[in-house]
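Next comes structure.cif, a file with mmCIF, C-alpha atoms.
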```
data_run
loop_
_atom_site.label_atom_id
_atom_site.label_comp_id
_atom_site.auth_asym_id
_atom_site.auth_seq_id
_atom_site.Cartn_x
_atom_site.Cartn_y
_atom_site.Cartn_z
CA MET S 16 135.42 214.94 6.43
CA VAL S 17 134.50 212.47 9.16
CA TYR S 18 135.88 214.69 11.88
CA ARG S 19 134.17 217.84 10.56
CA LEU S 20 130.81 216.11 10.27
CA ALA S 21 131.21 214.63 13.75
CA TYR S 22 132.15 218.00 15.11
CA SER S 23 129.16 219.65 13.46
CA TYR S 24 126.98 217.13 15.27
CA LEU S 25 128.71 216.99 18.63
CA GLY S 26 130.30 220.43 18.94
CA SER S 27 133.21 219.07 20.97
CA THR S 28 136.71 218.21 19.84
CA ALA S 29 137.00 215.27 22.26
CA ASP S 30 133.68 213.78 21.20
CA ALA S 31 134.48 214.39 17.54
CA GLU S 32 137.79 212.56 17.98
CA ASP S 33 136.05 209.67 19.69
CA ALA S 34 133.46 209.47 16.95
CA THR S 35 136.10 209.61 14.21
CA GLN S 36 138.10 206.84 15.83
CA SER S 37 134.99 204.74 16.31
CA VAL S 38 134.08 205.06 12.64
CA PHE S 39 137.52 204.02 11.46
CA MET S 40 137.67 201.25 14.03
CA LYS S 41 134.53 199.85 12.48
CA LEU S 42 136.40 199.73 9.18
CA ILE S 43 139.42 198.05 10.80
CA ASN S 44 137.43 195.49 12.74
CA ALA S 45 135.14 194.56 9.90
CA PRO S 46 136.85 195.39 6.61
CA ARG S 47 134.45 196.13 3.79
CA SER S 48 134.86 196.18 0.06
CA PHE S 49 133.60 199.33 -1.62
CA GLN S 50 132.61 199.64 -5.24
CA SER S 51 134.16 203.11 -5.61
CA VAL S 52 135.59 206.04 -3.70
CA GLU S 53 132.17 207.67 -3.72
CA HIS S 54 130.64 204.53 -2.25
CA GLU S 55 133.24 204.53 0.52
CA LYS S 56 132.65 208.23 1.15
CA ALA S 57 128.90 207.69 1.37
CA TRP S 58 129.42 204.84 3.84
CA LEU S 59 131.67 206.99 6.02
CA ILE S 60 129.18 209.85 6.02
CA ARG S 61 126.23 207.66 6.94
CA CYS S 62 128.22 205.78 9.56
CA THR S 63 129.42 209.04 11.13
CA SER S 64 125.97 210.54 11.08
CA ASN S 65 124.35 207.51 12.70
CA LEU S 66 127.10 207.22 15.31
CA CYS S 67 126.83 210.88 16.26
CA LYS S 68 123.06 210.63 16.55
CA ASP S 69 123.50 207.62 18.85
CA MET S 70 126.08 209.49 20.93
CA LEU S 71 123.81 212.50 21.27
CA LYS S 72 120.90 210.30 22.21
CA SER S 73 122.86 208.47 24.90
CA ALA S 74 124.33 211.78 26.12
CA ARG S 75 120.84 213.23 26.41
CA VAL S 76 119.66 210.17 28.33
CA LYS S 77 122.68 210.38 30.67
CA ARG S 78 122.21 214.08 31.20
CA ARG S 79 118.55 213.65 31.93
CA ASP S 80 119.39 210.97 34.49
CA GLU S 81 122.43 212.53 36.11
CA MET S 82 122.38 216.29 35.63
CA PRO S 83 120.20 218.70 37.53
CA ALA S 84 117.35 220.15 35.49
CA ASP S 85 118.62 223.75 35.67
CA MET S 86 121.99 222.96 34.02
CA PRO S 87 122.52 224.72 30.65
CA ASP S 88 122.58 222.64 27.45
CA GLY S 89 126.09 221.29 27.19
CA ASN S 90 125.80 220.00 23.64
CA ILE S 91 127.94 222.70 22.16
CA ARG S 92 130.74 223.00 24.62
CA ASP S 93 133.55 224.35 22.46
CA ALA S 94 131.37 226.53 20.26
CA HIS S 95 132.27 229.69 22.12
CA GLU S 96 135.74 229.41 20.58
CA PHE S 97 134.26 230.13 17.15
CA ASP S 98 132.45 232.94 15.42
CA ASP S 99 128.71 233.45 15.09
CA VAL S 100 128.42 231.52 11.79
CA THR S 101 130.04 228.45 13.26
CA GLN S 102 127.83 228.69 16.29
CA ALA S 103 124.82 229.06 14.03
CA VAL S 104 125.85 225.95 12.08
CA LEU S 105 126.45 223.97 15.23
CA SER S 106 123.12 224.98 16.69
CA LEU S 107 121.17 223.65 13.71
CA PRO S 108 118.86 220.72 14.50
CA GLU S 109 120.33 217.26 13.92
CA ARG S 110 118.16 216.48 10.92
CA TYR S 111 119.60 219.42 8.94
CA LYS S 112 123.26 218.82 9.67
CA ASP S 113 123.96 216.11 7.08
CA CYS S 114 122.39 218.07 4.28
CA VAL S 115 124.01 221.38 5.21
CA TYR S 116 127.46 219.86 5.51
CA LEU S 117 127.21 217.89 2.27
CA HIS S 118 125.76 220.84 0.35
CA TYR S 119 127.78 223.77 1.68
CA TYR S 120 131.12 222.11 2.34
CA GLU S 121 131.32 219.02 0.16
CA GLY S 122 129.42 220.69 -2.68
CA TYR S 123 126.99 217.85 -3.39
CA LYS S 124 123.76 218.54 -5.28
CA THR S 125 120.34 217.69 -3.93
CA ASP S 126 120.02 214.38 -5.78
CA GLU S 127 123.47 213.22 -4.66
CA ILE S 128 122.71 214.11 -1.06
CA ALA S 129 119.45 212.20 -1.37
CA ARG S 130 121.35 209.11 -2.58
CA ILE S 131 123.97 209.36 0.14
CA THR S 132 121.57 209.90 3.00
CA ASP S 133 118.93 207.58 1.56
CA THR S 134 116.32 210.34 1.76
CA PRO S 135 113.87 211.57 -0.90
CA PRO S 136 115.26 214.54 -2.91
CA SER S 137 112.25 216.69 -1.98
CA THR S 138 113.01 216.15 1.70
CA VAL S 139 116.61 217.19 1.10
CA ARG S 140 115.45 220.33 -0.71
CA ASN S 141 113.05 221.20 2.11
CA ARG S 142 115.71 220.63 4.74
CA LEU S 143 118.23 222.77 2.91
CA ARG S 144 115.66 225.55 2.53
CA ASP S 145 114.70 225.39 6.21
CA ALA S 146 118.34 225.27 7.34
CA ARG S 147 119.20 228.25 5.15
CA GLY S 148 116.28 230.19 6.66
CA MET S 149 117.35 229.32 10.18
CA LEU S 150 120.94 230.34 9.53
CA LYS S 151 119.83 233.64 8.01
CA ARG S 152 117.53 234.36 10.87
CA THR S 153 120.17 233.49 13.43
CA LEU S 154 122.85 235.54 11.76
CA THR S 155 120.55 238.52 11.13
CA LYS S 156 119.38 238.44 14.74
CA GLU S 157 122.91 238.17 16.05
CA GLY S 158 123.96 241.02 13.76
CA ARG S 159 121.15 243.14 15.08
CA ASP S 160 122.02 242.19 18.66
CA ALA S 161 125.64 243.06 18.05
CA LEU S 162 124.67 246.43 16.73
CA MET H 19 95.66 237.42 -20.52
CA THR H 20 96.49 234.33 -18.47
CA GLY H 21 99.65 233.76 -20.47
CA ARG H 22 100.80 237.28 -19.83
CA PHE H 23 100.20 236.76 -16.09
CA ASP H 24 102.15 233.52 -16.07
CA ASP H 25 105.05 235.19 -17.81
CA LYS H 26 105.05 237.95 -15.23
CA LYS H 27 104.94 235.35 -12.44
CA ARG H 28 107.77 233.32 -13.96
CA ARG H 29 109.87 236.44 -14.41
CA ALA H 30 109.21 237.37 -10.79
CA GLU H 31 110.22 233.88 -9.54
CA ASP H 32 113.38 233.95 -11.64
CA ALA H 33 114.23 237.35 -10.21
CA MET H 34 113.63 236.04 -6.70
CA GLU H 35 115.85 233.03 -7.37
CA ARG H 36 118.55 235.31 -8.71
CA ASP H 37 118.18 237.58 -5.70
CA ARG H 38 118.24 234.60 -3.35
CA ALA H 39 121.33 233.17 -5.05
CA LEU H 40 123.02 236.52 -4.85
CA SER H 41 122.01 236.96 -1.23
CA ASP H 42 122.94 233.30 -0.40
CA ALA H 43 126.36 233.58 -1.99
CA PRO H 44 127.97 235.23 1.00
CA LEU H 45 126.10 232.84 3.33
CA ASN H 46 127.44 229.82 1.39
CA ALA H 47 130.94 231.14 1.64
CA ARG H 48 130.58 231.89 5.33
CA VAL H 49 129.15 228.45 6.09
CA ARG H 50 131.98 226.81 4.13
CA GLU H 51 134.49 228.87 6.10
CA ALA H 52 132.79 227.80 9.31
CA TYR H 53 133.25 224.14 8.35
CA GLU H 54 136.87 224.88 7.44
CA ARG H 55 137.39 226.09 10.97
CA MET H 56 136.13 222.75 12.26
CA THR H 57 139.16 221.01 10.71
CA PRO H 58 141.04 219.08 13.41
CA SER H 59 144.32 220.46 14.61
CA VAL H 60 147.60 218.72 13.74
CA GLN H 61 147.85 217.43 17.31
CA ALA H 62 144.33 216.07 17.15
CA GLU H 63 145.08 214.35 13.82
CA GLU H 64 148.23 212.80 15.28
CA ARG H 65 146.35 211.69 18.37
CA MET H 66 143.63 210.02 16.33
CA LEU H 67 146.14 208.40 13.99
CA ALA H 68 148.20 207.06 16.89
CA ALA H 69 145.09 205.72 18.59
CA LEU H 70 143.98 204.05 15.37
CA ILE H 71 147.40 202.49 14.78
CA ALA H 72 147.49 201.22 18.36
CA ALA H 73 144.00 199.84 18.01
CA GLN H 74 144.96 198.17 14.73
CA GLU H 75 148.04 196.57 16.34
CA MET H 76 145.95 195.40 19.27
CA GLN H 77 143.44 193.97 16.83
CA ALA H 78 146.21 192.14 14.97
CA GLU H 79 147.64 190.76 18.23
CA LYS H 80 144.22 189.71 19.37
CA SER H 81 143.50 187.92 16.13
CA GLU H 82 146.89 186.18 16.38
CA GLU H 83 146.12 185.13 19.94
CA ASP H 84 142.70 183.95 18.87
CA ALA H 85 144.23 181.89 16.09
CA ARG H 86 146.83 180.46 18.49
CA SER H 87 144.28 179.62 21.15
CA ALA H 88 142.03 178.08 18.51
CA ALA H 89 144.94 175.89 17.36
CA ASN H 90 145.74 174.91 20.96
CA HIS H 91 142.11 174.17 21.62
CA GLN H 92 142.06 171.94 18.56
CA GLN H 93 145.22 170.13 19.74
CA ALA H 94 143.74 169.67 23.20
CA ARG H 95 140.59 168.28 21.69
CA PHE H 96 142.66 165.92 19.55
CA ALA H 97 144.58 164.76 22.65
CA ASP H 98 141.31 164.23 24.50
CA THR H 99 139.95 162.27 21.59
CA GLN H 100 143.03 160.04 21.64
CA VAL H 101 142.71 159.52 25.37
CA ASN H 102 139.03 158.75 25.10
CA ALA H 103 139.75 156.36 22.26
CA GLY H 104 141.48 153.92 24.60
CA TYR H 105 144.87 155.25 25.49
CA LYS H 106 146.14 155.37 29.10
CA THR H 107 143.73 157.34 31.22
CA ASN H 108 145.25 157.73 34.71
CA GLY H 109 145.54 161.50 34.69
CA ALA H 110 146.96 161.27 31.23
CA ALA H 111 144.19 163.34 29.72
CA ALA H 112 145.04 166.39 31.78
CA HIS H 113 148.75 165.78 31.26
CA ARG H 114 148.31 165.53 27.54
CA ARG H 115 146.07 168.60 27.46
CA ILE H 116 148.66 170.67 29.31
CA HIS H 117 151.44 169.50 27.05
CA ALA H 118 149.33 170.03 23.98
CA GLN H 119 148.83 173.64 25.02
CA VAL H 120 152.47 174.22 25.86
CA ARG H 121 154.04 172.30 23.01
CA PRO H 122 154.30 174.36 19.81
CA ALA H 123 153.13 172.82 16.58
CA ARG H 124 155.76 170.73 14.77
CA THR H 125 157.25 172.32 11.75
CA LYS H 126 157.33 170.63 8.37
CA ALA H 127 161.06 169.97 8.75
CA GLN H 128 160.54 168.26 12.10
CA ARG H 129 157.80 166.09 10.68
CA ALA H 130 159.98 165.13 7.71
CA ALA H 131 162.90 164.29 10.05
CA ILE H 132 160.70 162.05 12.19
CA ALA H 133 159.38 160.22 9.12
CA LEU H 134 162.94 159.74 7.79
CA ALA H 135 164.15 158.42 11.16
CA ALA H 136 161.28 155.94 11.25
CA CYS H 137 162.11 154.73 7.74
CA LEU H 138 165.81 154.32 8.63
CA ALA H 139 164.95 152.40 11.80
CA ALA H 140 162.70 150.05 9.83
CA ALA H 141 165.43 149.55 7.23
CA PHE H 142 168.05 148.75 9.90
CA ILE H 143 165.74 146.25 11.57
CA GLY H 144 165.09 144.56 8.24
CA ILE H 145 168.79 144.37 7.40
CA GLY H 146 169.54 143.04 10.88
CA VAL H 147 166.99 140.27 10.50
CA LEU H 148 168.37 139.28 7.09
CA VAL H 149 171.96 139.24 8.38
CA THR H 150 170.98 137.20 11.43
CA MET H 151 169.16 134.65 9.31
CA GLY H 152 172.13 134.33 6.97
CA GLN H 153 174.77 133.88 9.71
CA PRO H 154 176.51 130.46 9.93
CA SER H 155 175.86 128.33 12.98
CA SER H 156 179.43 128.66 14.23
CA MET H 157 179.04 132.43 14.37
CA LEU H 158 175.79 132.03 16.16
CA GLY H 159 177.43 129.74 18.69
CA ALA H 160 180.32 132.10 19.17
CA SER H 161 178.09 135.04 19.68
CA ALA H 162 175.94 133.04 22.05
CA GLY H 163 178.94 132.03 24.08
CA SER H 164 180.46 135.43 24.22
CA SER H 165 177.87 138.04 24.88
CA GLN H 166 174.32 136.94 24.89
CA SER H 167 172.23 135.93 27.81
CA ALA H 168 171.65 132.38 28.92
CA ALA H 169 168.22 132.20 27.38
CA SER H 170 169.34 133.45 24.04
CA SER H 171 172.39 131.19 24.07
CA ALA H 172 170.17 128.20 24.74
CA GLU H 173 167.97 129.18 21.84
CA ASN H 174 171.01 129.61 19.66
CA GLU H 175 172.34 126.22 20.66
CA ASN H 176 169.08 124.65 19.61
CA LEU H 177 169.25 126.56 16.37
CA GLU H 178 172.84 125.47 15.92
CA ALA H 179 171.95 121.84 16.42
CA ALA H 180 169.13 122.11 13.93
CA LEU H 181 171.33 123.85 11.42
CA ASP H 182 174.08 121.23 11.95
CA GLY H 183 171.65 118.46 11.23
CA SER H 184 170.36 120.00 8.08
CA ALA H 185 173.87 120.84 6.97
CA ASN H 186 174.97 117.29 7.56
CA GLU H 187 171.99 115.98 5.71
CA GLU H 188 172.79 118.24 2.80
CA ALA H 189 176.45 117.28 2.95
CA SER H 190 175.62 113.59 3.12
CA ALA H 191 173.76 113.53 -0.16
CA PRO H 192 173.97 110.06 -1.73
CA ASP H 193 177.08 110.29 -3.79
CA SER H 194 178.63 106.83 -3.75
CA SER H 195 182.11 107.85 -4.77
CA ASP H 196 182.25 110.64 -2.23
CA SER H 197 180.81 108.41 0.43
CA ALA H 198 183.26 105.68 -0.32
CA SER H 199 186.19 107.99 -0.16
CA SER H 200 184.90 109.53 3.02
CA SER H 201 184.06 106.28 4.80
CA THR H 202 187.46 104.65 4.67
CA ASN H 203 190.96 105.84 4.47
CA ALA H 204 192.36 104.52 1.21
CA GLU H 205 195.86 104.12 2.54
CA SER H 206 195.29 102.74 6.00
CA GLY H 207 191.92 101.06 5.52
CA GLU H 208 190.78 102.63 8.78
CA PRO H 209 187.30 104.07 8.78
CA ASN H 210 187.04 107.87 8.65
CA SER H 211 185.23 109.42 11.51
CA THR H 212 183.33 112.29 10.01
CA LEU H 213 180.68 114.61 11.25
CA LEU H 214 178.14 113.05 8.93
CA SER H 215 175.82 111.87 11.61
CA SER H 216 172.05 112.18 11.40
CA ASP H 217 169.47 112.59 14.12
CA GLN H 218 168.57 108.99 14.06
CA ASP H 219 171.95 107.59 14.98
CA VAL H 220 171.90 109.76 18.06
CA ARG H 221 168.23 109.45 18.89
CA TYR H 222 167.86 105.75 18.09
CA PRO H 223 171.17 104.12 18.97
CA HIS H 224 169.72 100.65 19.70
CA ILE H 225 168.67 98.49 16.78
CA ALA H 226 166.89 95.16 17.23
CA LEU H 227 166.90 92.67 14.35
CA ASP H 228 164.06 90.20 13.83
CA SER H 229 166.48 87.40 14.69
CA GLY H 230 166.83 88.91 18.13
CA ILE H 231 170.31 90.27 17.63
CA GLU H 232 170.75 93.74 19.05
CA LEU H 233 172.99 96.24 17.31
CA GLU H 234 174.33 99.65 18.07
CA ILE H 235 175.64 102.42 15.82
CA ALA H 236 179.40 102.35 15.70
CA HIS H 237 181.10 105.50 17.02
CA ASP H 238 184.66 106.65 16.84
CA GLU H 239 186.75 107.74 19.77
CA TYR H 240 185.09 111.15 19.71
CA GLY H 241 181.62 109.68 19.94
CA VAL H 242 180.72 110.53 16.32
CA ALA H 243 178.81 107.93 14.28
CA ILE H 244 180.96 106.30 11.62
CA ALA H 245 179.50 106.66 8.14
CA ALA H 246 179.41 103.79 5.68
CA ALA H 247 179.25 103.73 1.90
CA GLN H 248 177.15 101.87 -0.62
CA SER H 249 180.18 99.75 -1.43
CA ASP H 250 180.18 98.49 2.13
CA ILE H 251 176.78 96.83 1.62
CA ALA H 252 176.95 93.10 0.82
CA SER H 253 173.36 91.90 1.27
CA LYS H 254 169.71 92.79 0.81
CA PRO H 255 168.20 95.01 3.49
CA GLN H 256 166.22 93.67 6.34
CA THR H 257 163.82 95.87 8.24
CA ALA H 258 164.59 96.49 11.85
CA THR H 259 163.41 98.72 14.64
CA ALA H 260 165.65 101.34 16.12
CA SER H 261 164.91 102.61 19.60
CA ASN H 262 166.28 104.90 22.28
CA ASP H 263 166.32 104.92 26.06
CA LEU H 264 163.02 106.84 26.16
CA GLY H 265 161.24 104.01 24.38
CA GLU H 266 160.81 105.91 21.12
CA THR H 267 161.20 103.80 17.99
CA ALA H 268 161.91 104.31 14.30
CA GLU H 269 162.10 101.98 11.34
CA CYS H 270 165.46 101.34 9.75
CA HIS H 271 167.15 98.94 7.29
CA VAL H 272 170.08 96.77 8.24
CA TYR H 273 172.56 95.31 5.73
CA GLU H 274 175.44 92.92 6.14
CA SER H 275 178.64 94.62 5.24
CA THR H 276 181.40 93.30 3.06
CA SER H 277 184.26 91.37 4.51
CA GLU H 278 186.51 94.34 3.93
CA SER H 279 184.39 96.61 6.06
CA PRO H 280 185.50 97.30 9.62
CA TYR H 281 182.06 96.63 11.08
CA PRO H 282 179.68 93.75 10.32
CA TYR H 283 176.54 95.76 9.66
CA VAL H 284 175.42 98.86 7.79
CA VAL H 285 172.30 100.73 8.84
CA SER H 286 170.17 103.24 6.98
CA PHE H 287 167.18 105.19 8.26
CA ASP H 288 164.03 105.87 6.27
CA ASP H 289 164.21 109.62 6.26
CA SER H 290 167.85 109.75 5.32
CA SER H 291 170.00 108.07 2.73
CA GLN H 292 172.97 108.28 5.06
CA LEU H 293 174.55 104.90 5.92
CA PHE H 294 176.17 104.09 9.23
CA PHE H 295 178.21 101.20 10.45
CA ALA H 296 176.71 99.14 13.25
CA GLN H 297 178.02 96.38 15.45
CA PRO H 298 176.50 93.91 17.87
CA ALA H 299 175.65 95.60 21.14
#
```
Rewrite the coordinates I just gave you, this time as structure tokens.
Amino acid sequence: MVYRLAYSYLGSTADAEDATQSVFMKLINAPRSFQSVEHEKAWLIRCTSNLCKDMLKSARVKRRDEMPADMPDGNIRDAHEFDDVTQAVLSLPERYKDCVYLHYYEGYKTDEIARITDTPPSTVRNRLRDARGMLKRTLTKEGRDAL
Amino acid sequence: MTGRFDDKKRRAEDAMERDRALSDAPLNARVREAYERMTPSVQAEERMLAALIAAQEMQAEKSEEDARSAANHQQARFADTQVNAGYKTNGAAAHRRIHAQVRPARTKAQRAAIALAACLAAAFIGIGVLVTMGQPSSMLGASAGSSQSAASSAENENLEAALDGSANEEASAPDSSDSASSSTNAESGEPNSTLLSSDQDVRYPHIALDSGIELEIAHDEYGVAIAAAQSDIASKPQTATASNDLGETAECHVYESTSESPYPYVVSFDDSSQLFFAQPA
């Protein structure tokens, strides 16, 4: 779960591994007591999400400082290994990734996602709707391009 | 009219939802499959697990080291406190600090052994003192003569002399029958020379009577004062002054002895009931 979510954010196996290790290292260094398995799962998801956002932010800052301006976006480095759906999922904006992963893969409902991500349910619904539209558009366009 | 419109609208929305659900169904499945493909490989899982285990071990070692260094720091601080509290200070603080860091903490068994050894040492010292106090003077003299140093032998000799005096005083308790039997030999009539001499006969050998006659304590051939008995006394006492060569004096009582006695006078000192024969100097 942690690795998949990290990968969906970072799009790189090495970065996803780093993020996964960092999340579990946080647990090892500062052991926490969780009320339930769901509580622990929610903590892991939020921790992973926040860590990945921080990594992307710092990577963007580094790239802006070090890379030439005409370099292509290197966010999704390993995405070419996968099919168009995976690439479409990986190319979603950051703010949709939590909701999409939790809804489509983990099978959570809108209210549960809202609790886990500490976001209003309406926001979750809107994000899921927007993400679905983006995926459809991307996949339809790619299908048309392929034809 | 409005109700019919609402119904139509609701039916249309429901149909759209159904259509969307039907059209989303393959998308849901495809997205789920896409996430499935993001599952880490077995090698990646092993790598992450190994890294986490290593990190956990390092963390455990680090916490152990932290605990050890904290304990050493505490010991060093304790040593410093002792040094600052008035112990030797010439480089001892650094020395103690180094040793406090190197020396491992004593175990419970070591602490118990040290406490037991201290108790045993205290017990042995106590027993030794009691035994020494209870030893007879002859043993003290022997030990002084054989093995101890000159200073200790001198001390023991003094102690021996003191003990002899007290012993003689105790032994010369006023028992007239014993004294009589001890003062003269029943068969020969010769006076017995015993060891029943007091301090006074040694310290104050010269006795001056009021009449001007000077007496001295009678001694046998070994230089020991000859003891007298109550039966040797034939007159009332007269007070006299006993003196020594240093000019020190003490009061004593002088009696005339019986005609059967070997010496003409009997002397007693105030602090002792012991009687001694005396003769004109």
Compile a residue-level contact table for chain H against chain S at a cut-off of 7 Å, reporting for every qualifying residue the shortest atom pair and its distance in Å to one decimal, with all atoms listed in the file counted, rows ordered by chain and ascending number, as JSON lines.
```
{"residue": "H:Asn46", "atom": "CA", "partner": "S:Tyr119", "partner_atom": "CA", "distance": 6.1}
{"residue": "H:Arg48", "atom": "CA", "partner": "S:Val100", "partner_atom": "CA", "distance": 6.8}
{"residue": "H:Val49", "atom": "CA", "partner": "S:Val100", "partner_atom": "CA", "distance": 6.5}
{"residue": "H:Arg50", "atom": "CA", "partner": "S:Tyr120", "partner_atom": "CA", "distance": 5.1}
{"residue": "H:Ala52", "atom": "CA", "partner": "S:Thr101", "partner_atom": "CA", "distance": 4.9}
{"residue": "H:Tyr53", "atom": "CA", "partner": "S:Tyr120", "partner_atom": "CA", "distance": 6.7}
{"residue": "H:Met56", "atom": "CA", "partner": "S:Arg19", "partner_atom": "CA", "distance": 5.6}
{"residue": "H:Thr57", "atom": "CA", "partner": "S:Arg19", "partner_atom": "CA", "distance": 5.9}
{"residue": "H:Pro58", "atom": "CA", "partner": "S:Tyr18", "partner_atom": "CA", "distance": 6.9}
{"residue": "H:Met66", "atom": "CA", "partner": "S:Gln36", "partner_atom": "CA", "distance": 6.4}
{"residue": "H:Leu70", "atom": "CA", "partner": "S:Gln36", "partner_atom": "CA", "distance": 6.5}
{"residue": "H:Gln74", "atom": "CA", "partner": "S:Ile43", "partner_atom": "CA", "distance": 6.8}
```
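Counting only C-alpha atoms and comparing H:Gly265, H:Gly230, H:Pro223, H:Gly146, the residue that lies closest to H:Phe295 is H:Pro223.
Note that atom CA of H:His224 and atom CA of H:Ser277 are 23.0 Å apart.
Straight-line separation from atom CA of H:Phe294 to atom CA of H:Ala260: 12.9 Å.
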Pull out every residue that the PyMOL selection byres ((chain S and resi 125) around 12) matches in the shown coordinates and put them as JSON, numbers by chain. {"S": [113, 114, 115, 117, 118, 119, 121, 122, 123, 124, 126, 127, 128, 129, 130, 131, 132, 133, 134, 135, 136, 137, 138, 139, 140, 141, 142, 143, 144]}
Residue selection dump (C-alpha atoms) as a compact mmCIF listing (two decimals), keeping the file's coordinate frame:
```
# COMPACT_ATOMS: atom_id res chain seq x y z
CA ASP S 113 123.96 216.11 7.08
CA CYS S 114 122.39 218.07 4.28
CA VAL S 115 124.01 221.38 5.21
CA LEU S 117 127.21 217.89 2.27
CA HIS S 118 125.76 220.84 0.35
CA TYR S 119 127.78 223.77 1.68
CA GLU S 121 131.32 219.02 0.16
CA GLY S 122 129.42 220.69 -2.68
CA TYR S 123 126.99 217.85 -3.39
CA LYS S 124 123.76 218.54 -5.28
CA ASP S 126 120.02 214.38 -5.78
CA GLU S 127 123.47 213.22 -4.66
CA ILE S 128 122.71 214.11 -1.06
CA ALA S 129 119.45 212.20 -1.37
CA ARG S 130 121.35 209.11 -2.58
CA ILE S 131 123.97 209.36 0.14
CA THR S 132 121.57 209.90 3.00
CA ASP S 133 118.93 207.58 1.56
CA THR S 134 116.32 210.34 1.76
CA PRO S 135 113.87 211.57 -0.90
CA PRO S 136 115.26 214.54 -2.91
CA SER S 137 112.25 216.69 -1.98
CA THR S 138 113.01 216.15 1.70
CA VAL S 139 116.61 217.19 1.10
CA ARG S 140 115.45 220.33 -0.71
CA ASN S 141 113.05 221.20 2.11
CA ARG S 142 115.71 220.63 4.74
CA LEU S 143 118.23 222.77 2.91
CA ARG S 144 115.66 225.55 2.53
```
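Reported to one decimal place, the separation of atom CA of H:Ala268 from atom CA of H:Ser253 is 21.3 Å.
For stretch 53-70 of chain S, the set of protein, DNA and RNA residues having any atom at most 7 Å away, when counting all atoms listed in the file and skipping those fewer than 2 positions along the same chain, is Val17, Ala21, Tyr24, Leu25, Ala34, Val38, Phe49, Gln50, Ser51, Lys72, Ser73, Ala74, Ile131 and Thr132 of chain S.
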Could you tell me, as an MDAnalysis selection string, exactly which residues end up selected when the PyMOL selection byres ((chain H and resi 222) around 12) is applied to this structure? chainID H and resid 215:221 223:226 233:235 243 258:270 285:287
Please, could N, CA, C and O atoms be added to stretch 133-143 of chain S and the result written as a PDB file, keeping the file's coordinate frame?
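Result written to selection15.pdb:
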```
ATOM      1  N   ASP S 133     120.079 208.461   1.751  1.00  0.00           N
ATOM      2  CA  ASP S 133     118.930 207.580   1.560  1.00  0.00           C
ATOM      3  C   ASP S 133     117.622 208.282   1.983  1.00  0.00           C
ATOM      4  O   ASP S 133     116.824 207.755   2.759  1.00  0.00           O
ATOM      5  N   THR S 134     117.490 209.507   1.447  1.00  0.00           N
ATOM      6  CA  THR S 134     116.320 210.340   1.760  1.00  0.00           C
ATOM      7  C   THR S 134     115.723 210.825   0.434  1.00  0.00           C
ATOM      8  O   THR S 134     116.481 211.033  -0.535  1.00  0.00           O
ATOM      9  N   PRO S 135     114.444 211.032   0.351  1.00  0.00           N
ATOM     10  CA  PRO S 135     113.870 211.570  -0.900  1.00  0.00           C
ATOM     11  C   PRO S 135     114.469 212.938  -1.235  1.00  0.00           C
ATOM     12  O   PRO S 135     114.705 213.750  -0.314  1.00  0.00           O
ATOM     13  N   PRO S 136     114.686 213.241  -2.521  1.00  0.00           N
ATOM     14  CA  PRO S 136     115.260 214.540  -2.910  1.00  0.00           C
ATOM     15  C   PRO S 136     114.434 215.724  -2.418  1.00  0.00           C
ATOM     16  O   PRO S 136     115.005 216.754  -2.033  1.00  0.00           O
ATOM     17  N   SER S 137     113.097 215.582  -2.430  1.00  0.00           N
ATOM     18  CA  SER S 137     112.250 216.690  -1.980  1.00  0.00           C
ATOM     19  C   SER S 137     112.511 217.004  -0.501  1.00  0.00           C
ATOM     20  O   SER S 137     112.533 218.176  -0.088  1.00  0.00           O
ATOM     21  N   THR S 138     112.708 215.964   0.274  1.00  0.00           N
ATOM     22  CA  THR S 138     113.010 216.150   1.700  1.00  0.00           C
ATOM     23  C   THR S 138     114.325 216.896   1.869  1.00  0.00           C
ATOM     24  O   THR S 138     114.450 217.800   2.705  1.00  0.00           O
ATOM     25  N   VAL S 139     115.299 216.515   1.035  1.00  0.00           N
ATOM     26  CA  VAL S 139     116.610 217.190   1.100  1.00  0.00           C
ATOM     27  C   VAL S 139     116.438 218.660   0.758  1.00  0.00           C
ATOM     28  O   VAL S 139     116.989 219.546   1.445  1.00  0.00           O
ATOM     29  N   ARG S 140     115.671 218.919  -0.305  1.00  0.00           N
ATOM     30  CA  ARG S 140     115.450 220.330  -0.710  1.00  0.00           C
ATOM     31  C   ARG S 140     114.789 221.114   0.428  1.00  0.00           C
ATOM     32  O   ARG S 140     115.190 222.236   0.747  1.00  0.00           O
ATOM     33  N   ASN S 141     113.748 220.528   1.016  1.00  0.00           N
ATOM     34  CA  ASN S 141     113.050 221.200   2.110  1.00  0.00           C
ATOM     35  C   ASN S 141     113.980 221.460   3.289  1.00  0.00           C
ATOM     36  O   ASN S 141     113.964 222.535   3.890  1.00  0.00           O
ATOM     37  N   ARG S 142     114.796 220.470   3.596  1.00  0.00           N
ATOM     38  CA  ARG S 142     115.710 220.630   4.740  1.00  0.00           C
ATOM     39  C   ARG S 142     116.738 221.718   4.467  1.00  0.00           C
ATOM     40  O   ARG S 142     117.063 222.523   5.362  1.00  0.00           O
ATOM     41  N   LEU S 143     117.243 221.749   3.253  1.00  0.00           N
ATOM     42  CA  LEU S 143     118.230 222.770   2.910  1.00  0.00           C
ATOM     43  C   LEU S 143     117.599 224.167   2.992  1.00  0.00           C
ATOM     44  O   LEU S 143     118.213 225.118   3.522  1.00  0.00           O
TER      45      LEU S 143
END
```
